[in-house]
Amino acid sequence: MSLSIATWNINSVRLRIQQVEKFLNEYQPDVLCLQEIKCQNDQFPAKAFNKLGYEFHAVKGQKGYHGVATISKIPLVDISSTNYCNMGDSRHISVRFKAGGKDIQLHNFYVPAGGDEPDTDKNPKFAHKLNFLEEMRALRALDEKTHNVLVGDLNIAPHENDVWSHKQLLKIVSHTPVETDALAKIFDEGGWTDLIRNKISTDEKLFTWWSYRSRDWQQSNRGRRLDHIWGSPGLAAVQSDLQVVRETRNWEKPSDHIPVICTLDL
DNA sequence: ATGACGGATCTAATCCGA
């Protein structure tokens with residue numbers, strides 16, 4: 001069977017529920033992982049998802065900020081959220097499901113942005129980000145028979161071609177060596193494979209986020225690839241497709257992030 | 001680094017994003 005998993009930092013699910021509906025109707029992923037839902041659990045637009053056949057929801061929200069949700073056509077079990085850095089700020093939700101005879105655990109992350117200054121002494125937000133990444137080192141791509149998938153807005157652009165200018169962003173939070181090294185550590189120690197760069201070579205520029213602050217995001221094209229889909233090597237071997245859905249960035253009142261969809265033949 | 005947006009919040013001005 002074919003399994004498709006999408007990730008999208010929606011920047012308010014209530015404000016953009018119609019865009020999510022349009023995206024689901026058009027692309028029909030089996031599972032959708034949202035970040036920055038910016039609502040409490042009881043404010044989550046569950047009915048809209050039910051109507052479209054996405055009847056299984058794992059929501060970890062909070063008032064106003066952050067928040068993640070994984071919604072699915074496939075039954076979800078063992079829903080849990082890890083309270084990274086003991087901050088109670090709704091940045092992770094994990095679900096399990098069966099697909100094509102495989103057990104899959106899917107982690108949905110919204111890693112702290114880290115503020116402006118890449119200095120842990122002056123900027124507590126940057127310290128929080130690094131502590132968060134340190135705790136993520138416990139994750140493993142494959143344990144026992146379970147294949148893990150890790151998606152979300154990791155707020156780090158690891159490769160030179162994940163940013164519009166490697167040189168100009170080396171001291172900018174999201175592309176500093178301390179962050180990209182920390183991410184590489186999580187990636188290597190966990191035995192992960194990059195299911196986005198598995199299909200789109202690191203020789204090619206690739207962005208999933210463009211600032212709201214430019215007049216014309218396409219013309220200036222100063223983007224970054226902050227969104228990620230990782231999996232166990234066994235999943236990389238059966239990956240059939242990877243879609244980067246740029247069209248949503250041109251929709252009316254768009255999110256500053258675009259969706260990415262990974263398809264596996266299980 | 002650029003350019004000066006856009007979200008949520010006890011609706012006005014403030015915090016936050018990256």
# chains A, B, ... in the order shown; residues from 1 in each chain; ligands from 1
>>> select_by_dssp(residues="range 91-234 of chain A", states="strand (DSSP E)", output="PyMOL selection string")
chain A and resi 92-99+102-110+142-143+146-153+193-194+209-210+223-224+227-231
>>> write_last_selection(atoms="N, CA and C atoms", output="tab-separated table (two decimals), in the first residue's frame")
chain	number	residue	atom	x	y	z
A	92	HIS	N	5.45	18.94	20.82
A	92	HIS	CA	5.66	17.58	20.33
A	92	HIS	C	4.40	16.76	20.53
A	93	ILE	N	4.08	15.94	19.52
A	93	ILE	CA	3.07	14.91	19.71
A	93	ILE	C	3.47	13.69	18.90
A	94	SER	N	3.28	12.53	19.52
A	94	SER	CA	3.67	11.27	18.89
A	94	SER	C	2.45	10.37	18.76
A	95	VAL	N	2.36	9.68	17.62
A	95	VAL	CA	1.28	8.72	17.41
A	95	VAL	C	1.87	7.43	16.82
A	96	ARG	N	1.11	6.34	16.95
A	96	ARG	CA	1.47	5.10	16.28
A	96	ARG	C	0.33	4.69	15.36
A	97	PHE	N	0.68	4.04	14.26
A	97	PHE	CA	-0.36	3.45	13.41
A	97	PHE	C	0.25	2.33	12.60
A	98	LYS	N	-0.63	1.51	12.00
A	98	LYS	CA	-0.18	0.42	11.14
A	98	LYS	C	-0.41	0.81	9.69
A	99	ALA	N	0.57	0.51	8.85
A	99	ALA	CA	0.43	0.77	7.42
A	99	ALA	C	1.19	-0.28	6.64
A	102	LYS	N	3.49	-2.61	8.43
A	102	LYS	CA	4.56	-2.01	9.25
A	102	LYS	C	3.95	-1.22	10.41
A	103	ASP	N	4.65	-1.27	11.54
A	103	ASP	CA	4.30	-0.41	12.67
A	103	ASP	C	5.08	0.88	12.54
A	104	ILE	N	4.36	1.97	12.55
A	104	ILE	CA	5.03	3.27	12.40
A	104	ILE	C	4.73	4.16	13.59
A	105	GLN	N	5.78	4.74	14.13
A	105	GLN	CA	5.61	5.78	15.14
A	105	GLN	C	6.00	7.10	14.50
A	106	LEU	N	5.12	8.08	14.62
A	106	LEU	CA	5.30	9.36	13.94
A	106	LEU	C	5.42	10.49	14.96
A	107	HIS	N	6.58	11.13	14.98
A	107	HIS	CA	6.83	12.27	15.86
A	107	HIS	C	6.61	13.57	15.09
A	108	ASN	N	5.83	14.45	15.68
A	108	ASN	CA	5.54	15.75	15.08
A	108	ASN	C	6.12	16.83	16.00
A	109	PHE	N	7.07	17.62	15.48
A	109	PHE	CA	7.82	18.57	16.30
A	109	PHE	C	7.67	20.02	15.84
A	110	TYR	N	7.63	20.90	16.83
A	110	TYR	CA	7.83	22.33	16.58
A	110	TYR	C	8.96	22.79	17.49
A	142	LEU	N	14.90	3.55	14.38
A	142	LEU	CA	14.39	2.17	14.33
A	142	LEU	C	14.59	1.53	15.69
A	143	ASP	N	13.47	1.09	16.31
A	143	ASP	CA	13.62	0.31	17.53
A	143	ASP	C	12.69	-0.89	17.46
A	146	THR	N	9.54	-1.32	15.11
A	146	THR	CA	8.87	-0.06	14.78
A	146	THR	C	9.74	0.87	13.95
A	147	HIS	N	9.19	1.31	12.82
A	147	HIS	CA	9.85	2.32	12.00
A	147	HIS	C	9.38	3.69	12.47
A	148	ASN	N	10.34	4.55	12.75
A	148	ASN	CA	9.99	5.89	13.21
A	148	ASN	C	10.07	6.89	12.07
A	149	VAL	N	9.15	7.84	12.14
A	149	VAL	CA	9.19	8.98	11.23
A	149	VAL	C	9.17	10.22	12.11
A	150	LEU	N	10.01	11.18	11.77
A	150	LEU	CA	10.09	12.44	12.53
A	150	LEU	C	9.87	13.58	11.55
A	151	VAL	N	8.83	14.38	11.81
A	151	VAL	CA	8.56	15.50	10.90
A	151	VAL	C	8.39	16.78	11.70
A	152	GLY	N	8.40	17.88	10.98
A	152	GLY	CA	8.01	19.13	11.59
A	152	GLY	C	8.88	20.30	11.25
A	153	ASP	N	8.55	21.39	11.92
A	153	ASP	CA	9.31	22.63	11.79
A	153	ASP	C	10.43	22.56	12.81
A	193	THR	N	17.36	8.95	8.28
A	193	THR	CA	17.59	9.33	6.89
A	193	THR	C	16.70	10.53	6.58
A	194	ASP	N	17.22	11.45	5.79
A	194	ASP	CA	16.50	12.66	5.41
A	194	ASP	C	15.63	12.35	4.18
A	209	TRP	N	10.26	27.86	3.72
A	209	TRP	CA	9.80	29.05	4.46
A	209	TRP	C	10.35	30.31	3.81
A	210	TRP	N	9.49	31.30	3.69
A	210	TRP	CA	9.89	32.63	3.21
A	210	TRP	C	9.25	33.65	4.14
A	223	GLY	N	14.69	32.39	1.04
A	223	GLY	CA	14.02	31.42	1.88
A	223	GLY	C	14.98	30.54	2.67
A	224	ARG	N	14.39	29.68	3.46
A	224	ARG	CA	15.17	28.68	4.20
A	224	ARG	C	14.36	27.38	4.24
A	227	ASP	N	11.71	22.98	7.44
A	227	ASP	CA	10.80	21.86	7.68
A	227	ASP	C	11.43	20.55	7.20
A	228	HIS	N	11.17	19.50	7.96
A	228	HIS	CA	11.92	18.26	7.76
A	228	HIS	C	11.01	17.03	7.81
A	229	ILE	N	11.43	15.99	7.08
A	229	ILE	CA	10.81	14.67	7.20
A	229	ILE	C	11.95	13.66	7.26
A	230	TRP	N	12.10	13.02	8.39
A	230	TRP	CA	13.13	12.02	8.59
A	230	TRP	C	12.48	10.65	8.77
A	231	GLY	N	13.21	9.60	8.42
A	231	GLY	CA	12.69	8.26	8.65
A	231	GLY	C	13.82	7.28	8.86
>>> closest_atom_pairs(of="chain B", to="chain A", cutoff="9 Å", atoms="only C-alpha atoms (C1' of nucleotides)", output="Markdown table")
| residue | atom | partner | partner_atom | distance |
| --- | --- | --- | --- | --- |
| B:DA1 | C1' | A:Gln168 | CA | 7.2 |
| B:DT2 | C1' | A:Ser214 | CA | 7.6 |
| B:DG3 | C1' | A:Arg213 | CA | 5.9 |
| B:DA4 | C1' | A:Arg213 | CA | 6.5 |
| B:DC5 | C1' | A:Arg213 | CA | 4.7 |
| B:DG6 | C1' | A:Tyr212 | CA | 7.3 |
| B:DG7 | C1' | A:Asn11 | CA | 7.1 |
| B:DA8 | C1' | A:Gly64 | CA | 5.1 |
| B:DT9 | C1' | A:Gly64 | CA | 7.4 |
| B:DC16 | C1' | A:Tyr65 | CA | 8.3 |
| B:DG17 | C1' | A:Ala113 | CA | 7.4 |
| B:DA18 | C1' | A:Ala113 | CA | 6.2 |
>>> write_last_selection(atoms="C-alpha atoms (C1' of nucleotides)", output="CSV table (one decimal), in the first residue's frame")
chain,number,residue,atom,x,y,z
B,1,DA,C1',20.0,40.0,6.7
B,2,DT,C1',16.5,41.9,4.6
B,3,DG,C1',12.7,45.0,5.0
B,4,DA,C1',9.3,46.8,7.6
B,5,DC,C1',4.7,41.5,7.8
B,6,DG,C1',1.3,39.1,10.5
B,7,DG,C1',-0.5,36.0,14.3
B,8,DA,C1',-3.1,35.9,19.2
B,9,DT,C1',-4.6,38.4,22.9
B,16,DC,C1',6.2,36.6,19.4
B,17,DG,C1',7.9,34.5,15.1
B,18,DA,C1',12.9,33.4,12.3
>>> atom_distance(atom1="CA of Asn221 in chain A", atom2="CA of Glu160 in chain A")
15.1 Å
>>> closest_atom_pairs(of="range 29-118 of chain A", to="range 132-140 of chain A", cutoff="10 Å", atoms="only C-alpha atoms", output="Markdown table")
| residue | atom | partner | partner_atom | distance |
| --- | --- | --- | --- | --- |
| A:Asn83 | CA | A:Phe132 | CA | 9.9 |
| A:Tyr84 | CA | A:Phe132 | CA | 6.1 |
| A:Cys85 | CA | A:Phe132 | CA | 6.0 |
| A:Asn86 | CA | A:Phe132 | CA | 9.6 |
| A:Arg91 | CA | A:Phe132 | CA | 10.0 |
| A:His107 | CA | A:Leu139 | CA | 9.5 |
| A:Val111 | CA | A:Phe132 | CA | 7.3 |
| A:Pro112 | CA | A:Phe132 | CA | 7.6 |
>>> select_by_dssp(residues="range 45-180 of chain A", states="alpha helix (DSSP H)", output="list in words")
Ala46, Lys47, Ala48, Phe49, Asn50, Lys51, Pro124, Lys125, Phe126, Ala127, His128, Lys129, Leu130, Asn131, Phe132, Leu133, Glu134, Glu135, Met136, His166, Lys167, Gln168, Leu169, Pro177, Val178, Glu179 and Thr180 of chain A
>>> atom_distance(atom1="CA of His159 in chain A", atom2="CA of Ile200 in chain A")
12.3 Å
>>> residues_around(residues="Glu204 in chain A", least_positions_apart="2", cutoff="12 Å", atoms="only C-alpha atoms (C1' of nucleotides)", output="PyMOL selection string")
chain A and resi 159-164+196-202+206-207+225
>>> residues_around(residues="Phe23 in chain A", least_positions_apart="3", cutoff="12 Å", atoms="only C-alpha atoms (C1' of nucleotides)", output="PyMOL selection string")
chain A and resi 6-8+10+16-20+26-29+32+49+52+245-249+251+258-261
>>> write_last_selection(atoms="N, CA and C atoms", output="PDB file, in the first residue's frame")
ATOM      1  N   ALA A   6       2.145  14.258   5.351  1.00  0.00           N
ATOM      2  CA  ALA A   6       2.428  15.665   5.063  1.00  0.00           C
ATOM      3  C   ALA A   6       2.767  16.400   6.354  1.00  0.00           C
ATOM      4  N   THR A   7       3.612  17.415   6.224  1.00  0.00           N
ATOM      5  CA  THR A   7       3.898  18.310   7.363  1.00  0.00           C
ATOM      6  C   THR A   7       3.752  19.745   6.910  1.00  0.00           C
ATOM      7  N   TRP A   8       3.163  20.578   7.790  1.00  0.00           N
ATOM      8  CA  TRP A   8       2.902  21.980   7.425  1.00  0.00           C
ATOM      9  C   TRP A   8       2.812  22.839   8.682  1.00  0.00           C
ATOM     10  N   ILE A  10       1.274  25.746   9.939  1.00  0.00           N
ATOM     11  CA  ILE A  10       0.108  26.438   9.401  1.00  0.00           C
ATOM     12  C   ILE A  10      -0.042  27.861   9.936  1.00  0.00           C
ATOM     13  N   ARG A  16      -6.648  29.574   9.157  1.00  0.00           N
ATOM     14  CA  ARG A  16      -6.395  29.014   7.823  1.00  0.00           C
ATOM     15  C   ARG A  16      -7.050  27.666   7.579  1.00  0.00           C
ATOM     16  N   ILE A  17      -8.140  27.381   8.299  1.00  0.00           N
ATOM     17  CA  ILE A  17      -8.763  26.064   8.147  1.00  0.00           C
ATOM     18  C   ILE A  17      -9.229  25.826   6.707  1.00  0.00           C
ATOM     19  N   GLN A  18      -9.674  26.886   6.020  1.00  0.00           N
ATOM     20  CA  GLN A  18     -10.113  26.690   4.631  1.00  0.00           C
ATOM     21  C   GLN A  18      -8.949  26.325   3.716  1.00  0.00           C
ATOM     22  N   GLN A  19      -7.772  26.869   4.029  1.00  0.00           N
ATOM     23  CA  GLN A  19      -6.595  26.514   3.240  1.00  0.00           C
ATOM     24  C   GLN A  19      -6.189  25.065   3.496  1.00  0.00           C
ATOM     25  N   VAL A  20      -6.351  24.635   4.752  1.00  0.00           N
ATOM     26  CA  VAL A  20      -6.029  23.238   5.073  1.00  0.00           C
ATOM     27  C   VAL A  20      -6.998  22.315   4.333  1.00  0.00           C
ATOM     28  N   GLU A  26      -7.029  18.559  -2.343  1.00  0.00           N
ATOM     29  CA  GLU A  26      -6.210  18.518  -3.537  1.00  0.00           C
ATOM     30  C   GLU A  26      -5.128  17.441  -3.484  1.00  0.00           C
ATOM     31  N   TYR A  27      -4.528  17.266  -2.321  1.00  0.00           N
ATOM     32  CA  TYR A  27      -3.346  16.387  -2.229  1.00  0.00           C
ATOM     33  C   TYR A  27      -3.607  15.063  -1.502  1.00  0.00           C
ATOM     34  N   GLN A  28      -4.674  15.022  -0.714  1.00  0.00           N
ATOM     35  CA  GLN A  28      -5.107  13.773  -0.070  1.00  0.00           C
ATOM     36  C   GLN A  28      -4.012  12.977   0.645  1.00  0.00           C
ATOM     37  N   PRO A  29      -3.194  13.600   1.452  1.00  0.00           N
ATOM     38  CA  PRO A  29      -2.254  12.789   2.236  1.00  0.00           C
ATOM     39  C   PRO A  29      -3.029  11.921   3.234  1.00  0.00           C
ATOM     40  N   LEU A  32      -1.636  14.139   8.184  1.00  0.00           N
ATOM     41  CA  LEU A  32      -1.152  15.524   8.124  1.00  0.00           C
ATOM     42  C   LEU A  32      -0.668  15.958   9.505  1.00  0.00           C
ATOM     43  N   PHE A  49     -12.147  18.494   9.852  1.00  0.00           N
ATOM     44  CA  PHE A  49     -11.310  17.354   9.466  1.00  0.00           C
ATOM     45  C   PHE A  49     -12.145  16.076   9.343  1.00  0.00           C
ATOM     46  N   LEU A  52     -13.868  15.670   6.050  1.00  0.00           N
ATOM     47  CA  LEU A  52     -13.024  15.298   4.915  1.00  0.00           C
ATOM     48  C   LEU A  52     -12.473  13.890   5.039  1.00  0.00           C
ATOM     49  N   VAL A 245       5.106  21.637  -1.815  1.00  0.00           N
ATOM     50  CA  VAL A 245       3.909  22.273  -2.369  1.00  0.00           C
ATOM     51  C   VAL A 245       4.001  23.796  -2.254  1.00  0.00           C
ATOM     52  N   ARG A 246       4.698  24.384  -3.228  1.00  0.00           N
ATOM     53  CA  ARG A 246       4.951  25.830  -3.169  1.00  0.00           C
ATOM     54  C   ARG A 246       3.709  26.678  -3.432  1.00  0.00           C
ATOM     55  N   GLU A 247       2.711  26.113  -4.087  1.00  0.00           N
ATOM     56  CA  GLU A 247       1.565  26.930  -4.499  1.00  0.00           C
ATOM     57  C   GLU A 247       0.849  27.584  -3.319  1.00  0.00           C
ATOM     58  N   THR A 248       0.889  26.939  -2.150  1.00  0.00           N
ATOM     59  CA  THR A 248       0.138  27.494  -1.012  1.00  0.00           C
ATOM     60  C   THR A 248       0.685  28.848  -0.570  1.00  0.00           C
ATOM     61  N   ARG A 249       1.969  29.112  -0.874  1.00  0.00           N
ATOM     62  CA  ARG A 249       2.579  30.389  -0.449  1.00  0.00           C
ATOM     63  C   ARG A 249       1.972  31.559  -1.229  1.00  0.00           C
ATOM     64  N   TRP A 251      -1.356  31.546  -1.979  1.00  0.00           N
ATOM     65  CA  TRP A 251      -2.764  31.658  -1.640  1.00  0.00           C
ATOM     66  C   TRP A 251      -2.976  32.933  -0.826  1.00  0.00           C
ATOM     67  N   ILE A 258       5.447  26.306   3.754  1.00  0.00           N
ATOM     68  CA  ILE A 258       4.676  25.516   2.795  1.00  0.00           C
ATOM     69  C   ILE A 258       4.673  24.040   3.225  1.00  0.00           C
ATOM     70  N   PRO A 259       3.699  23.260   2.733  1.00  0.00           N
ATOM     71  CA  PRO A 259       3.632  21.844   3.088  1.00  0.00           C
ATOM     72  C   PRO A 259       4.624  21.003   2.284  1.00  0.00           C
ATOM     73  N   VAL A 260       5.043  19.914   2.899  1.00  0.00           N
ATOM     74  CA  VAL A 260       5.875  18.920   2.235  1.00  0.00           C
ATOM     75  C   VAL A 260       5.219  17.558   2.456  1.00  0.00           C
ATOM     76  N   ILE A 261       5.175  16.749   1.384  1.00  0.00           N
ATOM     77  CA  ILE A 261       4.507  15.446   1.462  1.00  0.00           C
ATOM     78  C   ILE A 261       5.472  14.335   1.058  1.00  0.00           C
TER      79      ILE A 261
END
>>> closest_residue(among="A:Thr82, A:Ser90, A:Gln35, A:Ser72", to="Lys60 in chain A", atoms="only C-alpha atoms")
A:Ser90
